[in-house]
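Participant: Just one file: protein.json, with JSON, C-alpha atoms and all ligand atoms.
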```
[["chain", "number", "residue", "atom", "x", "y", "z"],
["M", 64, "MET", "CA", 102.50, 104.97, 70.69],
["M", 65, "PRO", "CA", 98.77, 105.35, 70.18],
["M", 66, "GLU", "CA", 97.56, 108.66, 71.57],
["M", 67, "ASP", "CA", 94.11, 107.44, 72.59],
["M", 68, "SER", "CA", 92.77, 106.14, 75.86],
["M", 69, "GLU", "CA", 94.07, 102.68, 74.99],
["M", 70, "ALA", "CA", 97.56, 104.00, 75.76],
["M", 71, "ILE", "CA", 96.66, 104.79, 79.36],
["M", 72, "VAL", "CA", 98.08, 102.46, 81.99],
["M", 73, "LYS", "CA", 95.07, 101.25, 83.96],
["M", 74, "THR", "CA", 96.41, 98.06, 85.50],
["M", 75, "ALA", "CA", 99.32, 97.36, 87.83],
["M", 76, "ILE", "CA", 100.40, 93.74, 88.22],
["M", 77, "PHE", "CA", 102.14, 92.75, 91.47],
["M", 78, "PRO", "CA", 103.91, 89.39, 91.12],
["M", 79, "VAL", "CA", 104.20, 88.19, 94.72],
["M", 80, "ALA", "CA", 104.21, 84.41, 94.36],
["M", 81, "GLY", "CA", 107.99, 83.86, 94.71],
["M", 82, "LEU", "CA", 109.46, 81.70, 97.45],
["M", 83, "GLY", "CA", 111.74, 84.34, 98.97],
["M", 84, "THR", "CA", 114.45, 81.77, 99.73],
["M", 85, "ARG", "CA", 117.14, 84.42, 100.26],
["M", 86, "PHE", "CA", 115.25, 85.58, 103.32],
["M", 87, "LEU", "CA", 114.77, 82.23, 105.03],
["M", 88, "PRO", "CA", 114.00, 81.61, 107.85],
["M", 89, "ALA", "CA", 112.11, 84.95, 107.98],
["M", 90, "THR", "CA", 110.03, 83.89, 104.97],
["M", 91, "LYS", "CA", 109.17, 80.43, 106.28],
["M", 92, "ALA", "CA", 105.75, 81.63, 107.47],
["M", 93, "THR", "CA", 105.78, 85.32, 106.46],
["M", 94, "PRO", "CA", 105.68, 86.35, 102.79],
["M", 95, "LYS", "CA", 108.78, 88.33, 101.78],
["M", 96, "GLU", "CA", 106.51, 91.15, 100.59],
["M", 97, "LEU", "CA", 105.23, 91.63, 104.15],
["M", 98, "LEU", "CA", 108.70, 92.05, 105.67],
["M", 99, "PRO", "CA", 108.87, 95.61, 106.97],
["M", 100, "VAL", "CA", 111.30, 98.41, 106.30],
["M", 101, "ILE", "CA", 111.05, 99.92, 109.78],
["M", 102, "ASP", "CA", 107.26, 99.62, 110.29],
["M", 103, "THR", "CA", 105.92, 99.44, 106.74],
["M", 104, "PRO", "CA", 105.76, 96.18, 104.76],
["M", 105, "LEU", "CA", 107.40, 96.22, 101.34],
["M", 106, "ILE", "CA", 104.07, 95.66, 99.66],
["M", 107, "GLN", "CA", 102.63, 98.81, 101.22],
["M", 108, "TYR", "CA", 105.28, 101.01, 99.59],
["M", 109, "ALA", "CA", 104.41, 99.37, 96.25],
["M", 110, "ILE", "CA", 100.65, 99.81, 96.74],
["M", 111, "ASP", "CA", 101.17, 103.50, 97.56],
["M", 112, "GLU", "CA", 103.29, 103.89, 94.42],
["M", 113, "ALA", "CA", 100.60, 102.27, 92.22],
["M", 114, "ARG", "CA", 97.88, 104.46, 93.75],
["M", 115, "ASP", "CA", 100.00, 107.57, 93.18],
["M", 116, "ALA", "CA", 100.32, 106.54, 89.52],
["M", 117, "GLY", "CA", 96.53, 106.53, 89.16],
["M", 118, "VAL", "CA", 95.96, 102.92, 88.11],
["M", 119, "GLU", "CA", 92.40, 101.63, 88.30],
["M", 120, "ARG", "CA", 93.08, 97.96, 88.96],
["M", 121, "ILE", "CA", 95.74, 96.11, 90.95],
["M", 122, "VAL", "CA", 96.24, 92.44, 90.15],
["M", 123, "PHE", "CA", 98.19, 90.48, 92.75],
["M", 124, "VAL", "CA", 99.68, 87.26, 91.44],
["M", 125, "SER", "CA", 100.13, 85.35, 94.65],
["M", 126, "HIS", "CA", 100.54, 81.81, 95.99],
["M", 127, "PRO", "CA", 97.99, 79.92, 98.11],
["M", 128, "SER", "CA", 100.50, 79.78, 101.00],
["M", 129, "LYS", "CA", 100.72, 83.60, 101.07],
["M", 130, "SER", "CA", 97.18, 84.48, 102.14],
["M", 131, "ALA", "CA", 98.58, 86.99, 104.66],
["M", 132, "ILE", "CA", 99.07, 89.35, 101.70],
["M", 133, "GLU", "CA", 95.30, 89.37, 101.08],
["M", 134, "ARG", "CA", 94.68, 90.12, 104.74],
["M", 135, "HIS", "CA", 97.17, 93.00, 104.61],
["M", 136, "VAL", "CA", 95.48, 94.81, 101.74],
["M", 137, "GLN", "CA", 92.03, 94.70, 103.31],
["M", 138, "ASP", "CA", 90.57, 97.28, 105.68],
["M", 139, "ASP", "CA", 90.67, 96.14, 109.32],
["M", 140, "ALA", "CA", 87.23, 96.78, 110.79],
["M", 141, "ASP", "CA", 88.13, 94.67, 113.81],
["M", 142, "LEU", "CA", 90.50, 97.28, 115.29],
["M", 143, "ARG", "CA", 87.84, 99.97, 114.99],
["M", 144, "GLU", "CA", 85.38, 97.76, 116.81],
["M", 145, "ARG", "CA", 87.93, 97.35, 119.58],
["M", 146, "GLY", "CA", 88.12, 101.12, 120.04],
["M", 147, "LYS", "CA", 91.53, 101.64, 118.43],
["M", 148, "ALA", "CA", 90.21, 104.43, 116.25],
["M", 149, "ARG", "CA", 93.49, 106.19, 115.42],
["M", 150, "LEU", "CA", 95.25, 102.95, 114.54],
["M", 151, "ALA", "CA", 92.23, 101.84, 112.53],
["M", 152, "ARG", "CA", 92.29, 105.13, 110.60],
["M", 153, "GLU", "CA", 95.95, 104.66, 109.72],
["M", 154, "LEU", "CA", 95.34, 101.12, 108.62],
["M", 155, "LYS", "CA", 92.33, 102.17, 106.55],
["M", 156, "GLN", "CA", 94.53, 104.65, 104.69],
["M", 157, "ALA", "CA", 97.02, 101.88, 104.02],
["M", 158, "ALA", "CA", 94.39, 99.39, 102.88],
["M", 159, "ILE", "CA", 93.15, 99.58, 99.32],
["M", 160, "ASP", "CA", 89.81, 101.38, 98.98],
["M", 161, "GLU", "CA", 87.84, 99.04, 96.75],
["M", 162, "ASP", "CA", 85.51, 101.89, 95.73],
["M", 163, "LEU", "CA", 88.50, 103.57, 94.08],
["M", 164, "HIS", "CA", 90.52, 100.57, 92.95],
["M", 165, "ASP", "CA", 89.63, 97.12, 91.71],
["M", 166, "VAL", "CA", 91.66, 94.54, 93.54],
["M", 167, "VAL", "CA", 92.08, 91.11, 92.01],
["M", 168, "PHE", "CA", 94.01, 88.14, 93.38],
["M", 169, "VAL", "CA", 95.06, 85.36, 91.04],
["M", 170, "MET", "CA", 97.12, 82.37, 92.07],
["M", 171, "GLN", "CA", 100.36, 81.11, 90.59],
["M", 172, "ASP", "CA", 100.37, 77.62, 92.06],
["M", 173, "GLU", "CA", 103.97, 76.90, 91.16],
["M", 174, "PRO", "CA", 106.78, 79.47, 91.05],
["M", 175, "LEU", "CA", 107.62, 79.00, 87.37],
["M", 176, "GLY", "CA", 109.24, 82.41, 87.05],
["M", 177, "LEU", "CA", 108.44, 86.12, 86.93],
["M", 178, "GLY", "CA", 107.32, 85.91, 83.29],
["M", 179, "HIS", "CA", 104.93, 83.08, 84.12],
["M", 180, "ALA", "CA", 103.56, 85.09, 87.08],
["M", 181, "VAL", "CA", 102.81, 88.07, 84.82],
["M", 182, "LEU", "CA", 101.16, 85.74, 82.29],
["M", 183, "CYS", "CA", 98.86, 84.48, 85.10],
["M", 184, "ALA", "CA", 97.40, 88.02, 85.29],
["M", 185, "ARG", "CA", 96.47, 88.10, 81.59],
["M", 186, "ASP", "CA", 92.72, 87.43, 81.91],
["M", 187, "ASN", "CA", 92.32, 90.07, 84.60],
["M", 188, "VAL", "CA", 93.98, 93.16, 83.14],
["M", 189, "LEU", "CA", 92.14, 96.15, 81.69],
["M", 190, "PRO", "CA", 92.76, 97.09, 78.02],
["M", 191, "GLY", "CA", 95.98, 98.89, 77.18],
["M", 192, "PRO", "CA", 99.54, 98.74, 78.50],
["M", 193, "VAL", "CA", 100.15, 97.32, 81.98],
["M", 194, "ALA", "CA", 102.52, 98.27, 84.77],
["M", 195, "VAL", "CA", 104.46, 95.60, 86.64],
["M", 196, "ILE", "CA", 105.82, 96.37, 90.11],
["M", 197, "LEU", "CA", 108.19, 94.07, 91.99],
["M", 198, "PRO", "CA", 107.59, 95.05, 95.62],
["M", 199, "ASP", "CA", 110.98, 93.78, 96.78],
["M", 200, "ASP", "CA", 112.61, 96.56, 94.76],
["M", 201, "LEU", "CA", 111.91, 99.53, 97.03],
["M", 202, "ILE", "CA", 112.26, 102.87, 95.24],
["M", 203, "VAL", "CA", 112.15, 106.04, 97.31],
["M", 204, "GLY", "CA", 112.51, 109.66, 96.31],
["M", 205, "SER", "CA", 110.65, 112.90, 95.93],
["M", 206, "LYS", "CA", 108.73, 111.48, 92.92],
["M", 207, "GLU", "CA", 107.22, 108.00, 92.70],
["M", 208, "CYS", "CA", 109.01, 105.89, 90.09],
["M", 209, "LEU", "CA", 105.91, 104.46, 88.39],
["M", 210, "SER", "CA", 104.30, 107.91, 88.08],
["M", 211, "GLU", "CA", 107.46, 109.22, 86.42],
["M", 212, "MET", "CA", 107.50, 106.29, 84.00],
["M", 213, "ILE", "CA", 103.83, 106.60, 83.07],
["M", 214, "ALA", "CA", 104.29, 110.33, 82.42],
["M", 215, "ALA", "CA", 107.25, 109.63, 80.10],
["M", 216, "TYR", "CA", 105.70, 106.58, 78.40],
["M", 217, "PRO", "CA", 103.55, 108.25, 75.70],
["M", 218, "ASN", "CA", 106.60, 110.11, 74.34],
["M", 219, "CYS", "CA", 109.17, 107.32, 74.54],
["M", 220, "ASP", "CA", 108.19, 105.81, 71.19],
["M", 221, "SER", "CA", 108.42, 102.24, 72.52],
["M", 222, "GLY", "CA", 105.77, 99.77, 73.63],
["M", 223, "HIS", "CA", 107.90, 98.38, 76.45],
["M", 224, "MET", "CA", 109.58, 100.59, 79.04],
["M", 225, "VAL", "CA", 111.77, 99.28, 81.86],
["M", 226, "ALA", "CA", 113.16, 101.14, 84.88],
["M", 227, "THR", "CA", 116.94, 101.33, 84.88],
["M", 228, "ILE", "CA", 119.79, 102.23, 87.19],
["M", 229, "ASP", "CA", 123.48, 102.66, 86.40],
["M", 230, "VAL", "CA", 125.51, 99.95, 88.09],
["M", 231, "ALA", "CA", 129.25, 99.38, 88.50],
["M", 232, "ARG", "CA", 130.85, 97.35, 85.72],
["M", 233, "ASP", "CA", 131.50, 94.44, 88.14],
["M", 234, "ASP", "CA", 127.81, 94.30, 89.08],
["M", 235, "VAL", "CA", 126.32, 93.90, 85.59],
["M", 236, "ALA", "CA", 126.33, 90.11, 85.97],
["M", 237, "SER", "CA", 123.44, 90.41, 88.46],
["M", 238, "TYR", "CA", 121.03, 92.26, 86.14],
["M", 239, "GLY", "CA", 119.39, 92.44, 82.74],
["M", 240, "ILE", "CA", 121.51, 94.99, 80.86],
["M", 241, "LEU", "CA", 120.36, 97.23, 78.01],
["M", 242, "SER", "CA", 122.14, 97.68, 74.75],
["M", 243, "VAL", "CA", 121.85, 101.46, 74.40],
["M", 244, "LEU", "CA", 121.10, 103.14, 71.09],
["M", 245, "ALA", "CA", 120.51, 106.71, 72.28],
["M", 246, "ARG", "CA", 119.75, 108.74, 75.41],
["M", 247, "ASN", "CA", 117.26, 111.57, 75.62],
["M", 248, "GLY", "CA", 117.08, 112.93, 79.17],
["M", 249, "ARG", "CA", 115.88, 110.10, 81.37],
["M", 250, "VAL", "CA", 114.73, 107.96, 78.41],
["M", 251, "ILE", "CA", 117.16, 105.42, 77.00],
["M", 252, "LYS", "CA", 116.36, 103.95, 73.58],
["M", 253, "ALA", "CA", 117.51, 100.32, 73.54],
["M", 254, "ASN", "CA", 118.10, 97.88, 70.72],
["M", 255, "GLY", "CA", 118.88, 94.88, 72.86],
["M", 256, "MET", "CA", 118.85, 93.47, 76.35],
["M", 257, "VAL", "CA", 121.04, 90.71, 77.76],
["M", 258, "GLU", "CA", 120.40, 88.84, 80.99],
["M", 259, "LYS", "CA", 123.29, 88.76, 83.48],
["M", 260, "PRO", "CA", 126.18, 89.37, 81.01],
["M", 261, "ASP", "CA", 129.84, 88.83, 81.72],
["M", 262, "PRO", "CA", 131.24, 92.27, 82.76],
["M", 263, "ALA", "CA", 133.74, 92.21, 79.89],
["M", 264, "ALA", "CA", 130.98, 91.63, 77.34],
["M", 265, "ALA", "CA", 128.22, 93.86, 78.80],
["M", 266, "PRO", "CA", 126.78, 96.30, 76.24],
["M", 267, "SER", "CA", 126.32, 99.07, 78.87],
["M", 268, "LYS", "CA", 125.95, 99.60, 82.62],
["M", 269, "SER", "CA", 122.20, 100.39, 82.37],
["M", 270, "ALA", "CA", 120.57, 97.71, 84.51],
["M", 271, "VAL", "CA", 116.88, 96.79, 84.59],
["M", 272, "VAL", "CA", 115.12, 96.90, 87.99],
["M", 273, "GLY", "CA", 111.61, 96.10, 89.19],
["M", 274, "ARG", "CA", 109.29, 98.58, 87.45],
["M", 275, "TYR", "CA", 107.93, 98.02, 83.95],
["M", 276, "VAL", "CA", 105.33, 99.55, 81.65],
["M", 277, "LEU", "CA", 104.57, 96.91, 79.04],
["M", 278, "ASP", "CA", 102.52, 96.90, 75.88],
["M", 279, "ALA", "CA", 99.73, 94.31, 76.11],
["M", 280, "ALA", "CA", 101.55, 92.39, 73.34],
["M", 281, "ILE", "CA", 103.81, 91.09, 76.14],
["M", 282, "PHE", "CA", 101.23, 88.43, 76.99],
["M", 283, "ASP", "CA", 101.59, 86.79, 73.56],
["M", 284, "ALA", "CA", 105.37, 86.73, 73.97],
["M", 285, "LEU", "CA", 105.07, 85.28, 77.48],
["M", 286, "ALA", "CA", 102.69, 82.58, 76.27],
["M", 287, "ARG", "CA", 105.28, 81.54, 73.66],
["M", 288, "GLN", "CA", 108.31, 81.89, 75.93],
["M", 289, "THR", "CA", 110.27, 78.75, 76.76],
["M", 290, "PRO", "CA", 112.07, 78.41, 80.12],
["M", 291, "GLY", "CA", 115.36, 80.30, 80.39],
["M", 292, "VAL", "CA", 117.81, 80.90, 83.26],
["M", 293, "GLY", "CA", 117.00, 78.65, 86.25],
["M", 294, "GLY", "CA", 114.38, 76.76, 84.21],
["M", 295, "GLU", "CA", 111.99, 79.70, 84.73],
["M", 296, "ILE", "CA", 109.87, 81.69, 82.24],
["M", 297, "GLN", "CA", 111.81, 84.95, 82.26],
["M", 298, "GLN", "CA", 110.05, 88.25, 81.61],
["M", 299, "THR", "CA", 113.24, 89.80, 80.24],
["M", 300, "ASP", "CA", 113.49, 87.03, 77.60],
["M", 301, "ALA", "CA", 109.92, 87.75, 76.47],
["M", 302, "ILE", "CA", 110.55, 91.51, 76.28],
["M", 303, "ALA", "CA", 113.73, 90.89, 74.29],
["M", 304, "THR", "CA", 111.85, 88.91, 71.62],
["M", 305, "GLN", "CA", 109.68, 91.96, 70.92],
["M", 306, "ILE", "CA", 112.33, 94.69, 70.70],
["M", 307, "CYS", "CA", 112.07, 94.87, 66.88],
["M", 308, "THR", "CA", 108.27, 94.86, 66.80],
["M", 309, "THR", "CA", 107.18, 96.63, 69.99],
["M", 310, "GLY", "CA", 110.27, 98.65, 70.88],
["M", 311, "LEU", "CA", 112.13, 98.99, 74.17],
["M", 312, "SER", "CA", 113.13, 102.01, 76.23],
["M", 313, "GLY", "CA", 114.84, 102.29, 79.57],
["M", 314, "PHE", "CA", 113.85, 104.96, 82.05],
["M", 315, "ALA", "CA", 116.47, 106.34, 84.45],
["M", 316, "PHE", "CA", 114.12, 107.28, 87.31],
["M", 317, "SER", "CA", 115.03, 109.96, 89.81],
["M", 318, "GLY", "CA", 114.58, 108.00, 93.05],
["M", 319, "GLN", "CA", 116.89, 105.62, 94.87],
["M", 320, "ARG", "CA", 116.36, 101.88, 94.61],
["M", 321, "PHE", "CA", 117.04, 99.27, 97.27],
["M", 322, "ASP", "CA", 117.12, 95.56, 96.50],
["M", 323, "CYS", "CA", 115.05, 94.44, 99.47],
["M", 324, "GLY", "CA", 115.07, 90.87, 98.17],
["M", 325, "SER", "CA", 118.60, 90.77, 99.60],
["M", 326, "LYS", "CA", 119.56, 91.18, 103.25],
["M", 327, "GLN", "CA", 122.08, 93.91, 102.45],
["M", 328, "GLY", "CA", 119.53, 95.88, 100.46],
["M", 329, "MET", "CA", 116.92, 95.55, 103.18],
["M", 330, "LEU", "CA", 119.37, 96.83, 105.81],
["M", 331, "ALA", "CA", 120.44, 99.72, 103.55],
["M", 332, "ALA", "CA", 116.79, 100.68, 102.99],
["M", 333, "GLY", "CA", 116.08, 100.69, 106.72],
["M", 334, "LEU", "CA", 119.12, 102.86, 107.43],
["M", 335, "HIS", "CA", 118.26, 105.22, 104.57],
["M", 336, "LEU", "CA", 114.70, 105.76, 105.80],
["M", 337, "ALA", "CA", 115.81, 106.02, 109.44],
["M", 338, "ARG", "CA", 118.28, 108.75, 108.50],
["M", 339, "GLN", "CA", 115.42, 110.83, 107.10],
["M", 340, "ASP", "CA", 113.37, 110.65, 110.29],
["M", 341, "PRO", "CA", 114.53, 112.62, 113.36],
["M", 342, "ALA", "CA", 112.86, 109.99, 115.57],
["M", 343, "PHE", "CA", 115.85, 107.74, 114.81],
["M", 344, "ASP", "CA", 118.61, 110.35, 115.27],
["M", 345, "ALA", "CA", 119.51, 109.27, 118.80],
["M", 346, "VAL", "CA", 119.78, 105.60, 117.97],
["M", 347, "LEU", "CA", 121.84, 106.25, 114.82],
["M", 348, "ASP", "CA", 124.10, 108.75, 116.64],
["M", 349, "GLU", "CA", 124.65, 106.25, 119.42],
["M", 350, "PHE", "CA", 125.54, 103.53, 116.93],
["M", 351, "VAL", "CA", 127.99, 105.78, 115.03],
["M", 352, "ALA", "CA", 129.57, 106.99, 118.29],
["M", 353, "GLY", "CA", 129.98, 103.38, 119.40],
["M", 354, "GLN", "CA", 131.65, 102.57, 116.10],
["M", 355, "SER", "CA", 134.16, 105.43, 116.36],
["M", 356, "SER", "CA", 135.03, 104.71, 120.01],
["M", 357, "SER", "CA", 135.62, 101.02, 119.20],
["M", 358, "THR", "CA", 137.84, 102.09, 116.23],
["M", 359, "ALA", "CA", 139.79, 104.49, 118.51],
["M", 360, "ALA", "CA", 140.29, 101.85, 121.24],
["Y", 1, "LIG", "P1", 112.81, 86.88, 92.96],
["Y", 1, "LIG", "O1", 113.69, 86.66, 91.80],
["Y", 1, "LIG", "O2", 113.31, 87.82, 94.00],
["Y", 1, "LIG", "O3", 112.46, 85.48, 93.59],
["Y", 1, "LIG", "O4", 111.41, 87.36, 92.42],
["Y", 1, "LIG", "P2", 111.81, 85.12, 94.99],
["Y", 1, "LIG", "O5", 111.34, 83.72, 94.91],
["Y", 1, "LIG", "O6", 110.79, 86.13, 95.39],
["Y", 1, "LIG", "O7", 113.01, 85.25, 96.04],
["Y", 1, "LIG", "P3", 114.33, 84.36, 96.24],
["Y", 1, "LIG", "O8", 115.22, 84.65, 95.06],
["Y", 1, "LIG", "O9", 113.93, 82.91, 96.35],
["Y", 1, "LIG", "O10", 114.89, 84.87, 97.52],
["Y", 1, "LIG", "C1", 111.17, 88.72, 92.02],
["Y", 1, "LIG", "C2", 109.67, 88.98, 92.12],
["Y", 1, "LIG", "O11", 108.96, 88.09, 91.28],
["Y", 1, "LIG", "C3", 108.01, 87.35, 92.01],
["Y", 1, "LIG", "C4", 108.49, 87.39, 93.45],
["Y", 1, "LIG", "O12", 107.41, 87.21, 94.38],
["Y", 1, "LIG", "C5", 109.13, 88.77, 93.53],
["Y", 1, "LIG", "O13", 108.15, 89.78, 93.76],
["Y", 1, "LIG", "N1", 107.92, 85.98, 91.46],
["Y", 1, "LIG", "C6", 109.06, 85.30, 91.16],
["Y", 1, "LIG", "C7", 106.69, 85.40, 91.27],
["Y", 1, "LIG", "O14", 105.62, 86.01, 91.55],
["Y", 1, "LIG", "N2", 106.64, 84.14, 90.74],
["Y", 1, "LIG", "C8", 107.75, 83.44, 90.43],
["Y", 1, "LIG", "O15", 107.62, 82.29, 89.95],
["Y", 1, "LIG", "C9", 109.00, 84.05, 90.64]]
```
Will you turn the file into structure tokens for me?
Ligand code: UTP

Facilitator:
Amino acid sequence: MPEDSEAIVKTAIFPVAGLGTRFLPATKATPKELLPVIDTPLIQYAIDEARDAGVERIVFVSHPSKSAIERHVQDDADLRERGKARLARELKQAAIDEDLHDVVFVMQDEPLGLGHAVLCARDNVLPGPVAVILPDDLIVGSKECLSEMIAAYPNCDSGHMVATIDVARDDVASYGILSVLARNGRVIKANGMVEKPDPAAAPSKSAVVGRYVLDAAIFDALARQTPGVGGEIQQTDAIATQICTTGLSGFAFSGQRFDCGSKQGMLAAGLHLARQDPAFDAVLDEFVAGQSSSTAA
């Protein structure tokens, strides 16, 4: 990796143009990324993570039908005018401060795949590697995932770094899976990556989830990439074509990831966060007590 300022991750790309069909009818009029875990929309967790990582610019790749996302990221002066000062203050903290961060919206008019969405950001990124955050993968823990990855990136000796979790053998068919060459702490050196392998043929149980730090060379690979699974331009396919030239590492982050693109993952995330907040103790205790009395009956 170059050790100059060109190696610093200055841009985070948020692909948010997908249709969110697994969450219909909730996503008929509300973008999936604005669905809340308790009271905070998924996109807010992702924005906070990108800010914590110190990026200068956030590029949202959105769809014209999802303009509510633009409204969410802006400061709401209206509430302040209506005298709701405390609420307005909280919302201001959540909104992106455009003095500190550039915010750019680009449109992906057709959902041609995650890889295509990232390619749509190409003309708006700052020089150097880019981060990609999929807001429907919620990652919580004492350290923010993207910050951990960016700290490890200069020493990983690869241009592309992907966040990984260990999954059960039977679950590998739902993920991109790394072919592992070596492990050094949280960094996993990979020499291959296969999309959704058969469990019997999977090269490992290290599965790729929605955080990436990618060398800017990724845009050339994406521009060349032909449609893959589901007829979509797949980001994993483009990364895989550059393993020999750019290099690929996995990063086994310390936090816990919830697949909030699925109903089960969204429910699990809500329960996980509720369990950490005493304000929900009574409701959780009541639910558990109800469960045990109905089991006993
Ligand atoms: P998903 O694979 O979860 O697809 O996208 P989706 O359309 O959002 O949801 P389902 O499967 O229909 O329920 C993962 C991420 O990539 C973005 C999505 O917005 C989500 O953040 N994406 C996907 C795009 O921005 N464009 C695309 O063409 C596809």

Participant: Using all atoms listed in the file, what does the table of chain M residues within 7 Å of ligand LIG 1 (chain Y) look like, with each row giving the shortest atom pair and its distance in Å to one decimal, sorted by chain and ascending number, as JSON lines?

Facilitator:
```
{"residue": "M:Pro78", "atom": "CA", "partner": "Y:LIG1", "partner_atom": "O14", "distance": 3.8}
{"residue": "M:Val79", "atom": "CA", "partner": "Y:LIG1", "partner_atom": "O12", "distance": 3.4}
{"residue": "M:Ala80", "atom": "CA", "partner": "Y:LIG1", "partner_atom": "O14", "distance": 3.5}
{"residue": "M:Gly81", "atom": "CA", "partner": "Y:LIG1", "partner_atom": "O5", "distance": 3.4}
{"residue": "M:Leu82", "atom": "CA", "partner": "Y:LIG1", "partner_atom": "O5", "distance": 3.8}
{"residue": "M:Gly83", "atom": "CA", "partner": "Y:LIG1", "partner_atom": "O7", "distance": 3.3}
{"residue": "M:Thr84", "atom": "CA", "partner": "Y:LIG1", "partner_atom": "O9", "distance": 3.6}
{"residue": "M:Arg85", "atom": "CA", "partner": "Y:LIG1", "partner_atom": "O10", "distance": 3.6}
{"residue": "M:Phe86", "atom": "CA", "partner": "Y:LIG1", "partner_atom": "O10", "distance": 5.9}
{"residue": "M:Val124", "atom": "CA", "partner": "Y:LIG1", "partner_atom": "O14", "distance": 6.1}
{"residue": "M:Ser125", "atom": "CA", "partner": "Y:LIG1", "partner_atom": "O14", "distance": 6.3}
{"residue": "M:Gln171", "atom": "CA", "partner": "Y:LIG1", "partner_atom": "N2", "distance": 7.0}
{"residue": "M:Glu173", "atom": "CA", "partner": "Y:LIG1", "partner_atom": "O15", "distance": 6.6}
{"residue": "M:Pro174", "atom": "CA", "partner": "Y:LIG1", "partner_atom": "O15", "distance": 3.1}
{"residue": "M:Leu175", "atom": "CA", "partner": "Y:LIG1", "partner_atom": "O15", "distance": 4.2}
{"residue": "M:Gly176", "atom": "CA", "partner": "Y:LIG1", "partner_atom": "O15", "distance": 3.3}
{"residue": "M:Leu177", "atom": "CA", "partner": "Y:LIG1", "partner_atom": "C9", "distance": 4.3}
{"residue": "M:His179", "atom": "CA", "partner": "Y:LIG1", "partner_atom": "O15", "distance": 6.5}
{"residue": "M:Ala180", "atom": "CA", "partner": "Y:LIG1", "partner_atom": "N2", "distance": 4.9}
{"residue": "M:Leu197", "atom": "CA", "partner": "Y:LIG1", "partner_atom": "O13", "distance": 4.6}
{"residue": "M:Pro198", "atom": "CA", "partner": "Y:LIG1", "partner_atom": "O13", "distance": 5.6}
{"residue": "M:Asp199", "atom": "CA", "partner": "Y:LIG1", "partner_atom": "O13", "distance": 5.8}
{"residue": "M:Gly324", "atom": "CA", "partner": "Y:LIG1", "partner_atom": "O2", "distance": 5.5}
```

Participant: When you count all atoms listed in the file, which of these residues is closest to M:Ser269: M:Leu97, M:Ile281, M:Cys307, M:Ile228?

Facilitator: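 The shortest atom-to-atom distance to M:Ser269 comes from M:Ile228.
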
Participant: Pick from M:Pro104, M:Pro190, M:Gly239, M:Gly117: nearest to M:Lys259, with only C-alpha atoms counted?

Facilitator: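 Of all the options, M:Gly239 lies closest to M:Lys259.
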
Participant: Select all residues near (104.1, 106.2, 85.4) (cut-off 9 Å, inclusive, file coordinates), counting only C-alpha atoms, and output them as JSON, numbers by chain.

Facilitator: {"M": [72, 113, 115, 116, 117, 194, 207, 208, 209, 210, 211, 212, 213, 214, 215, 216, 276]}

Participant: Every residue with an atom at most 8 Å from (121.3, 96.0, 79.0) (file coordinates; all atoms listed in the file) is what I'm after, so could you write them as number ranges by chain?

Facilitator: M: 239-243, 253, 255-258, 265-271

Participant: Return the single residue from M:Thr227, M:Thr90, M:Thr308, M:Ser356 that is closest to M:Asp200, with distances computed using only C-alpha atoms.

Facilitator: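 Among M:Thr227, M:Thr90, M:Thr308, M:Ser356, it is M:Thr227 that comes nearest to M:Asp200.
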